[in-house]
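Colleague: You'll find structure32.cif just under this line, and it carries mmCIF, C-alpha atoms.
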data_model
loop_
_atom_site.label_atom_id
_atom_site.label_comp_id
_atom_site.auth_asym_id
_atom_site.auth_seq_id
_atom_site.Cartn_x
_atom_site.Cartn_y
_atom_site.Cartn_z
CA MET A 1 0.00 0.00 0.00
CA GLY A 2 3.01 2.29 0.37
CA THR A 3 3.69 2.42 -3.38
CA ASN A 4 3.03 5.14 -5.89
CA PRO A 5 -0.49 4.34 -7.21
CA PHE A 6 0.02 6.37 -10.40
CA ALA A 7 3.22 4.49 -11.26
CA ALA A 8 1.23 1.25 -11.14
CA VAL A 9 -1.09 2.25 -13.99
CA THR A 10 1.53 3.56 -16.42
CA GLU A 11 0.78 0.79 -18.95
CA PHE A 12 -2.85 1.87 -19.04
CA TRP A 13 -2.38 5.60 -18.47
CA SER A 14 1.08 6.94 -19.34
CA PRO A 15 2.91 9.42 -17.05
CA LEU A 16 2.76 12.03 -19.81
CA ALA A 17 -1.02 11.61 -20.14
CA MET A 18 -1.32 12.04 -16.36
CA LYS A 19 0.77 15.21 -16.45
CA VAL A 20 -1.31 16.64 -19.30
CA TYR A 21 -4.49 15.67 -17.42
CA ILE A 22 -3.37 17.54 -14.29
CA VAL A 23 -2.45 20.66 -16.29
CA LEU A 24 -5.89 20.50 -17.97
CA MET A 25 -7.61 20.21 -14.58
CA ILE A 26 -5.70 23.23 -13.23
CA ALA A 27 -6.77 25.15 -16.35
CA ALA A 28 -10.36 23.97 -15.84
CA VAL A 29 -10.38 25.36 -12.29
CA ILE A 30 -8.94 28.73 -13.38
CA ILE A 31 -11.38 29.05 -16.30
CA GLY A 32 -14.25 27.84 -14.12
CA VAL A 33 -13.58 30.42 -11.41
CA ILE A 34 -13.30 33.24 -13.98
CA PHE A 35 -16.54 32.10 -15.63
CA ASP A 36 -18.27 31.78 -12.24
CA VAL A 37 -17.21 35.27 -11.17
CA SER A 38 -18.29 36.89 -14.44
CA HIS A 39 -21.47 34.84 -14.93
CA LYS A 40 -22.90 35.60 -11.49
CA GLY A 41 -21.78 39.22 -11.65
CA SER A 42 -19.95 38.75 -8.37
CA GLY A 43 -16.81 40.31 -9.86
CA ILE A 44 -18.69 43.51 -10.71
CA TYR A 45 -20.40 43.46 -7.30
CA PHE A 46 -17.07 43.06 -5.55
CA ALA A 47 -15.45 45.88 -7.59
CA GLU A 48 -18.37 48.22 -6.81
CA ARG A 49 -18.16 47.31 -3.14
CA ARG A 50 -14.44 48.15 -3.09
CA LYS A 51 -15.14 51.45 -4.83
CA ARG A 52 -17.92 52.31 -2.37
CA SER A 53 -15.83 51.37 0.65
CA ARG A 54 -12.92 53.52 -0.60
CA ALA A 55 -15.30 56.47 -0.92
CA LEU A 56 -16.55 55.89 2.64
CA ALA A 57 -13.10 55.31 4.16
CA ARG A 58 -12.36 57.57 7.11
CA ASN A 59 -8.87 56.29 7.92
CA PRO A 60 -6.32 55.81 5.14
CA LEU A 61 -4.81 52.35 4.91
CA SER A 62 -1.02 52.12 4.61
CA SER A 63 0.51 49.35 2.53
CA GLY A 64 2.06 47.87 5.69
CA LYS A 65 -1.34 47.73 7.37
CA ALA A 66 -2.89 46.23 4.22
CA PHE A 67 -0.20 43.54 4.24
CA ALA A 68 -0.81 42.85 7.94
CA LEU A 69 -4.56 42.49 7.23
CA ALA A 70 -3.79 40.04 4.42
CA ILE A 71 -1.68 37.96 6.80
CA GLU A 72 -4.46 38.07 9.43
CA THR A 73 -6.99 36.93 6.81
CA LEU A 74 -4.77 34.03 5.75
CA ALA A 75 -4.22 33.07 9.39
CA GLU A 76 -7.98 33.07 9.95
CA ALA A 77 -8.58 30.99 6.81
CA ALA A 78 -5.86 28.54 7.86
CA VAL A 79 -7.79 27.66 11.01
CA SER A 80 -11.28 28.18 9.49
CA GLY A 81 -11.76 30.90 12.09
CA GLU A 82 -14.87 32.25 10.38
CA PHE A 83 -16.93 29.29 11.58
CA ASP A 84 -18.94 29.87 14.71
CA LYS A 85 -19.54 26.25 15.70
CA THR A 86 -16.77 23.77 16.57
CA PRO A 87 -18.14 20.73 14.63
CA ARG A 88 -18.43 22.71 11.39
CA ARG A 89 -14.98 24.12 11.92
CA LEU A 90 -13.36 20.73 12.61
CA SER A 91 -15.05 19.05 9.68
CA HIS A 92 -14.00 21.92 7.40
CA LEU A 93 -10.39 21.76 8.64
CA LEU A 94 -10.23 17.99 8.09
CA THR A 95 -11.63 18.32 4.58
CA MET A 96 -9.48 21.32 3.63
CA TYR A 97 -6.15 19.97 4.87
CA GLY A 98 -6.96 16.44 3.66
CA PHE A 99 -7.65 17.79 0.16
CA LEU A 100 -4.47 19.89 0.17
CA LEU A 101 -2.42 16.92 1.34
CA ASN A 102 -3.91 14.69 -1.33
CA VAL A 103 -3.42 17.23 -4.11
CA ILE A 104 0.18 18.07 -3.14
CA THR A 105 1.18 14.40 -2.87
CA THR A 106 -0.56 13.69 -6.19
CA LEU A 107 1.54 16.42 -7.83
CA LEU A 108 4.68 14.98 -6.20
CA MET A 109 3.92 11.43 -7.38
CA VAL A 110 3.10 12.50 -10.93
CA PHE A 111 5.71 15.20 -11.58
CA VAL A 112 8.61 14.44 -9.18
CA TYR A 113 8.50 10.65 -8.60
CA PRO A 114 6.83 9.13 -11.68
CA THR A 115 8.29 5.67 -11.05
CA ALA A 116 7.32 3.37 -8.20
CA THR A 117 10.86 2.65 -7.05
CA ALA A 118 11.86 6.31 -6.73
CA THR A 119 8.81 7.29 -4.66
CA PRO A 120 9.52 7.60 -0.93
CA ARG A 121 7.04 5.47 1.04
CA VAL A 122 5.88 8.46 3.02
CA VAL A 123 4.42 10.20 -0.06
CA PRO A 124 1.73 7.60 -0.92
CA MET A 125 1.03 7.18 2.79
CA LEU A 126 0.36 10.93 3.06
CA TRP A 127 -1.75 10.69 -0.12
CA MET A 128 -3.92 8.08 1.59
CA LEU A 129 -3.99 10.06 4.84
CA GLY A 130 -5.27 13.07 2.88
CA ALA A 131 -8.05 10.98 1.32
CA VAL A 132 -9.02 9.57 4.73
CA MET A 133 -9.11 13.07 6.22
CA VAL A 134 -11.37 14.29 3.40
CA LEU A 135 -13.69 11.33 3.92
CA ALA A 136 -13.80 11.85 7.70
CA GLY A 137 -14.47 15.59 7.53
CA GLY A 138 -16.62 15.41 4.40
CA LEU A 139 -18.88 12.58 5.58
CA TRP A 140 -19.29 14.28 8.97
CA PHE A 141 -20.45 17.39 7.13
CA PHE A 142 -22.51 15.49 4.54
CA LEU A 143 -24.43 13.27 6.97
CA PHE A 144 -24.76 15.46 10.05
CA LEU A 145 -23.88 19.10 9.46
CA ARG A 146 -25.40 20.07 6.11
CA ALA A 147 -27.82 22.83 7.03
CA ASN A 148 -30.69 21.49 4.93
CA VAL A 149 -30.23 18.09 6.60
CA ALA A 150 -29.53 19.19 10.19
CA VAL A 151 -31.99 22.09 10.29
CA ASP A 152 -34.31 21.98 7.29
CA GLY A 153 -35.41 18.36 7.69
CA ASP A 154 -33.97 16.82 4.51
CA SER A 155 -32.79 13.20 4.49
CA PRO A 156 -29.05 12.66 5.11
CA TRP A 157 -28.95 11.06 1.65
CA HIS A 158 -30.57 14.04 -0.03
CA LEU A 159 -28.60 15.16 -3.08
CA GLY A 160 -28.93 18.48 -4.89
CA ARG A 161 -26.85 20.81 -6.99
CA ALA A 162 -25.41 22.31 -3.81
CA ASP A 163 -23.86 18.88 -3.14
CA LEU A 164 -21.95 18.75 -6.42
CA PHE A 165 -18.71 19.91 -4.80
CA ILE A 166 -18.81 17.83 -1.63
CA GLY A 167 -20.32 14.83 -3.44
CA SER A 168 -17.69 14.68 -6.19
CA LEU A 169 -14.93 15.32 -3.63
CA LEU A 170 -16.10 12.46 -1.40
CA ALA A 171 -16.60 10.09 -4.33
CA SER A 172 -13.16 10.85 -5.80
CA MET A 173 -11.40 10.30 -2.45
CA ALA A 174 -13.36 7.12 -1.73
CA PHE A 175 -12.53 5.66 -5.16
CA ALA A 176 -8.91 6.79 -4.73
CA LEU A 177 -8.59 4.58 -1.66
CA VAL A 178 -10.54 1.64 -3.10
CA TRP A 179 -8.57 1.81 -6.36
CA HIS A 180 -5.24 1.99 -4.49
CA PHE A 181 -6.23 -1.03 -2.40
CA ALA A 182 -7.37 -3.01 -5.48
CA GLN A 183 -4.24 -2.00 -7.41
CA ALA A 184 -1.98 -3.21 -4.58
CA ARG A 185 -3.93 -6.43 -4.04
CA TYR A 186 -4.91 -7.33 -7.61
CA PRO A 187 -2.46 -5.43 -9.87
CA GLY A 188 -3.26 -5.11 -13.57
CA THR A 189 -6.79 -6.52 -13.30
CA VAL A 190 -9.80 -5.13 -15.13
CA GLY A 191 -11.48 -4.35 -11.81
CA ALA A 192 -8.53 -2.22 -10.69
CA TYR A 193 -8.61 -0.28 -13.97
CA ILE A 194 -12.37 0.26 -13.67
CA LEU A 195 -11.85 1.66 -10.16
CA PHE A 196 -9.08 3.89 -11.53
CA GLY A 197 -11.54 5.07 -14.20
CA LEU A 198 -14.15 5.89 -11.57
CA TYR A 199 -11.54 7.79 -9.54
CA MET A 200 -10.58 9.80 -12.63
CA PHE A 201 -14.24 10.41 -13.51
CA PHE A 202 -15.07 11.92 -10.12
CA MET A 203 -11.82 13.93 -10.05
CA THR A 204 -12.72 15.34 -13.47
CA LEU A 205 -16.27 16.05 -12.27
CA LEU A 206 -14.86 17.92 -9.28
CA PHE A 207 -12.65 20.18 -11.39
CA VAL A 208 -14.74 20.79 -14.51
CA THR A 209 -17.96 21.65 -12.67
CA VAL A 210 -16.51 24.69 -10.90
CA PRO A 211 -19.04 27.13 -12.49
CA TRP A 212 -21.94 25.06 -11.12
CA SER A 213 -20.49 23.87 -7.83
CA LYS A 214 -19.23 25.50 -4.65
CA PHE A 215 -15.57 25.00 -5.57
CA ALA A 216 -15.07 28.73 -6.18
CA HIS A 217 -15.67 29.47 -2.47
CA VAL A 218 -12.07 28.34 -1.92
CA PHE A 219 -11.00 31.57 -3.63
CA PHE A 220 -13.74 34.14 -3.09
CA LYS A 221 -14.33 33.53 0.63
CA PRO A 222 -10.81 34.70 1.62
CA ALA A 223 -11.13 37.63 -0.84
CA VAL A 224 -14.38 38.78 0.79
CA ALA A 225 -12.93 38.21 4.29
CA TYR A 226 -9.95 40.42 3.40
CA GLN A 227 -12.23 43.13 2.02
CA ARG A 228 -14.28 43.01 5.23
CA ARG A 229 -11.13 43.51 7.32
CA VAL A 230 -10.09 46.43 5.13
CA GLU A 231 -13.52 48.05 5.57
CA GLU A 232 -13.34 47.63 9.34
CA ALA A 233 -9.82 49.14 9.44
CA THR A 234 -10.72 52.13 7.28
CA GLY A 235 -14.00 52.83 9.05
CA ALA A 236 -16.02 52.03 5.92
CA SER A 237 -17.74 48.99 7.39
CA ASP A 238 -21.53 49.13 7.52
CA LEU A 239 -21.50 47.16 10.78
CA PRO A 240 -21.85 48.90 14.15
CA SER A 241 -18.67 49.46 16.15
CA PRO A 242 -18.01 46.79 18.79
CA SER A 243 -19.46 47.60 22.19
CA THR A 244 -17.11 49.29 24.63
CA GLN A 245 -19.21 48.05 27.55
CA ASN A 246 -19.43 44.56 28.98
CA PHE A 247 -22.83 43.78 30.41
CA ILE A 248 -21.92 40.37 31.78
CA VAL A 249 -21.79 41.13 35.48
CA ARG A 250 -22.99 37.85 36.98
CA SER A 251 -21.81 34.27 36.67
CA MET B 1 -39.22 45.34 6.83
CA PRO B 2 -38.55 41.66 6.09
CA THR B 3 -35.14 40.06 6.10
CA PHE B 4 -32.81 39.30 3.25
CA VAL B 5 -29.47 37.52 3.23
CA ASP B 6 -26.12 38.76 1.94
CA MET B 7 -24.91 35.66 0.08
CA THR B 8 -21.26 36.69 0.27
CA ARG B 9 -21.39 36.72 4.06
CA CYS B 10 -23.66 33.71 4.68
CA ASP B 11 -21.84 30.42 5.20
CA GLY B 12 -24.99 28.29 5.28
CA CYS B 13 -24.74 27.33 8.96
CA GLY B 14 -28.54 27.20 9.32
CA GLU B 15 -28.81 29.11 12.62
CA CYS B 16 -31.44 31.44 11.10
CA VAL B 17 -33.44 28.43 9.85
CA ASP B 18 -33.38 27.06 13.37
CA ILE B 19 -34.40 30.27 15.14
CA CYS B 20 -37.03 31.69 12.74
CA PRO B 21 -40.45 31.52 14.46
CA SER B 22 -42.23 31.76 11.10
CA ASP B 23 -40.14 28.96 9.57
CA ILE B 24 -39.53 31.07 6.49
CA MET B 25 -35.73 31.11 6.58
CA HIS B 26 -34.65 28.17 4.40
CA ILE B 27 -31.54 26.86 2.71
CA ASP B 28 -31.20 27.50 -1.00
CA PRO B 29 -30.97 24.12 -2.77
CA VAL B 30 -28.46 25.39 -5.33
CA TYR B 31 -26.02 27.50 -3.34
CA ARG B 32 -26.66 26.19 0.19
CA ARG B 33 -27.03 29.69 1.56
CA SER B 34 -30.02 30.80 3.58
CA TYR B 35 -32.81 32.94 2.18
CA ASN B 36 -36.23 34.23 3.16
CA ILE B 37 -38.72 32.12 1.21
CA GLU B 38 -41.71 34.36 1.93
CA PRO B 39 -40.95 37.98 2.91
CA ASN B 40 -44.68 38.76 3.23
CA MET B 41 -44.90 36.33 6.14
CA CYS B 42 -41.90 37.75 8.03
CA TRP B 43 -42.88 38.90 11.54
CA GLU B 44 -39.88 41.20 11.55
CA CYS B 45 -38.87 39.85 14.93
CA TYR B 46 -35.20 40.26 13.91
CA SER B 47 -34.25 37.03 15.69
CA CYS B 48 -32.23 35.83 12.69
CA VAL B 49 -30.74 39.29 12.13
CA LYS B 50 -29.41 39.34 15.68
CA TYR B 51 -28.44 35.69 15.86
CA CYS B 52 -26.56 35.31 12.55
CA PRO B 53 -22.90 34.66 13.46
CA GLN B 54 -21.74 36.15 10.16
CA GLN B 55 -23.92 39.31 10.29
CA ALA B 56 -25.22 38.20 6.90
CA ILE B 57 -28.86 39.19 7.38
CA ASP B 58 -30.17 42.70 6.82
CA VAL B 59 -33.71 44.01 6.58
CA ARG B 60 -35.30 46.09 3.88
CA GLY B 61 -38.71 47.52 3.12
CA TYR B 62 -41.01 46.28 0.43
CA ALA B 63 -39.66 47.81 -2.76
CA ASP B 64 -43.13 48.79 -4.01
CA PHE B 65 -43.64 51.48 -1.37
CA ALA B 66 -40.29 51.98 0.39
CA PRO B 67 -37.47 53.01 -1.92
CA LEU B 68 -34.27 51.21 -1.07
CA GLY B 69 -31.08 52.75 0.20
CA HIS B 70 -31.38 52.31 3.95
CA LYS B 71 -29.60 49.74 6.08
CA VAL B 72 -30.19 48.10 9.43
CA ARG B 73 -27.01 46.38 10.55
CA VAL B 74 -26.60 44.44 13.73
CA LEU B 75 -23.59 43.20 15.66
CA ARG B 76 -24.17 40.64 18.41
CA GLU B 77 -21.39 40.19 20.93
CA PRO B 78 -22.43 37.39 23.28
CA GLU B 79 -19.19 37.63 25.24
CA LYS B 80 -20.16 41.20 26.20
CA GLY B 81 -23.90 40.55 26.50
CA ALA B 82 -24.58 43.26 23.93
CA VAL B 83 -26.28 43.84 20.60
CA SER B 84 -25.30 46.98 18.69
CA TRP B 85 -27.40 48.49 15.93
CA LYS B 86 -26.46 50.85 13.13
CA ILE B 87 -29.44 52.34 11.33
CA LYS B 88 -28.69 54.17 8.12
CA PHE B 89 -31.47 56.25 6.64
CA ARG B 90 -31.94 56.92 2.96
CA ASP B 91 -31.02 60.60 3.42
CA GLY B 92 -27.62 59.57 4.82
CA ARG B 93 -28.37 60.05 8.53
CA GLU B 94 -27.01 57.37 10.77
CA LYS B 95 -28.07 56.31 14.24
CA ASN B 96 -26.28 53.91 16.54
CA PHE B 97 -27.80 52.02 19.45
CA LEU B 98 -26.33 49.70 22.02
CA SER B 99 -28.65 47.21 23.74
CA PRO B 100 -27.69 45.10 26.74
CA ILE B 101 -29.19 41.66 26.18
CA ARG B 102 -28.16 39.73 29.28
CA THR B 103 -26.08 39.93 32.44
CA THR B 104 -24.98 36.28 32.68
CA PRO B 105 -22.54 34.46 30.38
CA TRP B 106 -23.90 33.12 27.07
CA GLY B 107 -25.05 29.53 27.48
CA SER B 108 -25.13 29.65 31.28
CA ILE B 109 -28.92 29.46 31.65
CA LYS B 110 -30.11 25.94 32.43
CA GLY B 111 -32.92 24.51 30.34
CA PRO B 112 -36.11 23.20 32.03
CA ALA B 113 -35.02 19.58 31.55
CA GLU B 114 -31.83 20.22 33.50
CA TYR B 115 -33.76 20.88 36.73
CA ASP B 116 -35.27 18.25 39.01
CA PRO B 117 -38.91 17.49 38.13
CA PRO B 118 -41.40 19.47 40.26
CA ARG B 119 -42.94 17.69 43.27
CA ASP B 120 -46.69 17.23 43.69
CA ALA B 121 -46.60 19.49 46.75
CA ASP B 122 -45.39 22.36 44.57
CA LEU B 123 -48.89 22.57 43.06
CA ALA B 124 -50.12 24.06 46.34
CA THR B 125 -47.69 26.99 46.20
CA GLN B 126 -48.03 30.17 44.20
CA GLU B 127 -44.51 29.87 42.84
CA LEU B 128 -43.86 28.57 39.37
CA ALA B 129 -41.59 25.60 38.66
CA HIS B 130 -38.05 26.00 40.00
CA GLU B 131 -38.84 29.33 41.65
CA PRO B 132 -37.25 30.94 43.55
CA ASP B 133 -33.95 29.05 43.09
CA ALA B 134 -33.87 29.45 39.32
CA LEU B 135 -34.36 33.19 39.69
CA LYS B 136 -31.38 33.38 42.05
CA ILE B 137 -33.28 35.58 44.51
CA GLU B 138 -31.94 35.07 48.00
CA GLY B 139 -34.62 34.60 50.66
CA GLY B 140 -37.32 33.76 48.13
CA LEU B 141 -39.67 35.90 46.07
CA PRO B 142 -41.05 39.06 47.71
CA ALA B 143 -44.76 38.46 48.47
CA LEU B 144 -47.50 40.35 50.31
CA ARG B 145 -48.77 38.89 53.58
CA PRO B 146 -52.58 38.55 53.88
CA ASP B 147 -52.74 41.44 56.38
CA GLN B 148 -51.09 43.73 53.79
CA LEU B 149 -53.86 43.18 51.27
CA LYS B 150 -56.93 45.41 50.95
CA ARG B 151 -59.72 44.45 53.29
CA GLY B 152 -62.52 42.54 51.57
CA LEU B 153 -60.32 40.87 49.00
CA ILE B 154 -59.70 37.76 51.06
#
In structure tokens, write the structure found in this file.
Modeller:
Amino acid sequence: MGTNPFAAVTEFWSPLAMKVYIVLMIAAVIIGVIFDVSHKGSGIYFAERRKRSRALARNPLSSGKAFALAIETLAEAAVSGEFDKTPRRLSHLLTMYGFLLNVITTLLMVFVYPTATATPRVVPMLWMLGAVMVLAGGLWFFLFLRANVAVDGDSPWHLGRADLFIGSLLASMAFALVWHFAQARYPGTVGAYILFGLYMFFMTLLFVTVPWSKFAHVFFKPAVAYQRRVEEATGASDLPSPSTQNFIVRS
Amino acid sequence: MPTFVDMTRCDGCGECVDICPSDIMHIDPVYRRSYNIEPNMCWECYSCVKYCPQQAIDVRGYADFAPLGHKVRVLREPEKGAVSWKIKFRDGREKNFLSPIRTTPWGSIKGPAEYDPPRDADLATQELAHEPDALKIEGGLPALRPDQLKRGLI
């Protein structure tokens, strides 16, 4: 199980084809996000909001302060600090870091260590760990934390367009693990190649459906969070100022 | 003025769906963000506006008789026991209010099920369940003695 899963399918799917596939998927995400932003008009909305907040700014923002706000925003995003409830935050952190781990190790195994013998054992192990983390966090969210399931009364198995992102992510990671297991146990069999095909199908679905799924939130959520911090720092925020009084006087 | 949700702020946590007494805050099936499914039925209780952890919910008048341009923004700070309001009028005026909402820490109030069940003998008293302990009033609730009441009433 500690071998490079992509090196095991080179007869069926060459390393060059895998590299081209990954470049195409990166392009699909970039094009998808640009299409999503322009199609929904959120780019125009965001630009107008920036313009309005600049006009309302009472305190000028130095470049040093702007940089510090960007670092604060990244630090908040790194710990999913925007979430109010601990279960949602933990499930999001598991899914986010699991996905990052899986993607980074995939890039390593395809571009840096394309052969099985050259791949350090730790890389495929981290690849599997990433998939397990996505499944743990994602299934927790999918079955118990989805707002329409937990609060709106839908069945835990309810599927809608809003589930395109989490559904394709979960399916791709699940088939990644099953395929890796089948490839290690029954190498070169038709079943292993079918599982590899299913893994590739759901990975492709995840990346090419960006305009219709929630994938773009990975990019626009931090952008909006940064803009919100800028507005608070410049005095352009439409929110009330935090209270200077504490009314909690009893235990 | 019924509620509406700023989709860029909402993270779909569902707190507004849970708290809405009219059950009109729902989750959008496409974007999994909350929205008011029936503004005409909104009681304008502002529960969701105050409770939203992301300050994603604003209120606005019906566009057919109240031109837009105003804002009602709310910031809840449970750690300070406060809710702050910023009201922006269409002519640019702005008013700020600060409302104390509680004096005990958030989440410190016990629910009814966390108390012992009432005894049968409690039916004979004028106090409600768990009074006076739950009210934290030392020496019990202040009450008039019969000789302090107006003559003829008892």
Colleague: Could you expand the PyMOL selection byres ((chain A) within 9 of (chain B)) into the explicit residues it covers here, written as a VMD selection string?
Modeller: chain A and resid 42 82 to 85 88 145 to 148 150 to 152 160 to 163 212 to 214 220 to 221 224 to 225 238 to 251
Colleague: Measure the distance from atom CA of A:Ile26 to atom CA of A:Phe165 in Å and round it to one decimal.
Modeller: 15.9 Å
Colleague: Please determine, counting all atoms listed in the file, which residue among B:Glu138, B:Asp58, B:Glu38, B:Asp147 has the shortest atom-to-atom distance to B:Ser22.
Modeller: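 For B:Ser22, the nearest of the given residues is B:Glu38.
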Colleague: Evaluate the PyMOL selection byres ((chain A and resi 209) around 12) here and jot the selected residues down as a PyMOL selection string.
Modeller: chain A and resi 25+28-33+35-36+161-169+201-208+210-216
Colleague: Can you tell me how far atom CA of A:Ser91 sits from atom CA of A:Ala136, in Å to one decimal?
Modeller: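 That distance, rounded to one decimal, is 7.6 Å.
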Colleague: So which residues get picked by the PyMOL selection byres ((chain A and resi 110) around 9) here, written as JSON, numbers by chain?
Modeller: {"A": [4, 6, 7, 15, 16, 18, 19, 22, 105, 106, 107, 108, 109, 111, 112, 113, 114, 115]}
Colleague: Based on the selection just made, write C-alpha atoms of those residues as a PDB file, in the frame of the given file.
Modeller:
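Produced file result-v4.pdb, reproduced below:
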ATOM      1  CA  ASN A   4       3.030   5.140  -5.890  1.00  0.00           C
ATOM      2  CA  PHE A   6       0.020   6.370 -10.400  1.00  0.00           C
ATOM      3  CA  ALA A   7       3.220   4.490 -11.260  1.00  0.00           C
ATOM      4  CA  PRO A  15       2.910   9.420 -17.050  1.00  0.00           C
ATOM      5  CA  LEU A  16       2.760  12.030 -19.810  1.00  0.00           C
ATOM      6  CA  MET A  18      -1.320  12.040 -16.360  1.00  0.00           C
ATOM      7  CA  LYS A  19       0.770  15.210 -16.450  1.00  0.00           C
ATOM      8  CA  ILE A  22      -3.370  17.540 -14.290  1.00  0.00           C
ATOM      9  CA  THR A 105       1.180  14.400  -2.870  1.00  0.00           C
ATOM     10  CA  THR A 106      -0.560  13.690  -6.190  1.00  0.00           C
ATOM     11  CA  LEU A 107       1.540  16.420  -7.830  1.00  0.00           C
ATOM     12  CA  LEU A 108       4.680  14.980  -6.200  1.00  0.00           C
ATOM     13  CA  MET A 109       3.920  11.430  -7.380  1.00  0.00           C
ATOM     14  CA  PHE A 111       5.710  15.200 -11.580  1.00  0.00           C
ATOM     15  CA  VAL A 112       8.610  14.440  -9.180  1.00  0.00           C
ATOM     16  CA  TYR A 113       8.500  10.650  -8.600  1.00  0.00           C
ATOM     17  CA  PRO A 114       6.830   9.130 -11.680  1.00  0.00           C
ATOM     18  CA  THR A 115       8.290   5.670 -11.050  1.00  0.00           C
TER      19      THR A 115
END
Colleague: Around all listed atoms of stretch 211-219 of chain A, padded 8 Å per side, what centre and edge lengths does the axis-aligned box have in Å to one decimal, as AutoDock Vina command-line options?
Modeller:
--center_x -16.5 --center_y 27.7 --center_z -7.2 --size_x 26.9 --size_y 23.7 --size_z 26.6
Colleague: Using all atoms listed in the file, which protein or nucleic acid residues come within 8 Å of A:Tyr226? Drop anything in the same chain fewer than 3 positions from it, and give the result as an mmCIF file with C-alpha atoms, keeping the file's coordinate frame.
Modeller:
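Just written: around.cif:
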data_model
loop_
_atom_site.group_PDB
_atom_site.id
_atom_site.type_symbol
_atom_site.label_atom_id
_atom_site.label_comp_id
_atom_site.auth_asym_id
_atom_site.auth_seq_id
_atom_site.Cartn_x
_atom_site.Cartn_y
_atom_site.Cartn_z
ATOM 1 C CA LEU A 69 -4.560 42.490 7.230
ATOM 2 C CA ALA A 70 -3.790 40.040 4.420
ATOM 3 C CA THR A 73 -6.990 36.930 6.810
ATOM 4 C CA PRO A 222 -10.810 34.700 1.620
ATOM 5 C CA ALA A 223 -11.130 37.630 -0.840
ATOM 6 C CA ARG A 229 -11.130 43.510 7.320
ATOM 7 C CA VAL A 230 -10.090 46.430 5.130
#
Colleague: What does the distance between atom CA of A:Met173 and atom CA of A:Ala131 come to in Å, to one decimal place?
Modeller: 5.1 Å
Colleague: With a distance cut-off of 12 Å and only C-alpha atoms, select the neighbouring residues of B:Gly61, excluding the residue or stretch itself and same-chain residues fewer than 3 positions from it, and output the selection as a VMD selection string.
Modeller: chain B and resid 1 to 4 39 to 40 42 44 58 64 to 72 89 to 90
Colleague: Could you tell me which of A:Val178, A:Leu90, A:Leu139, A:Ala55 comes closest to A:Thr234 if we count only C-alpha atoms?
Modeller: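 Nearest to A:Thr234: A:Ala55.
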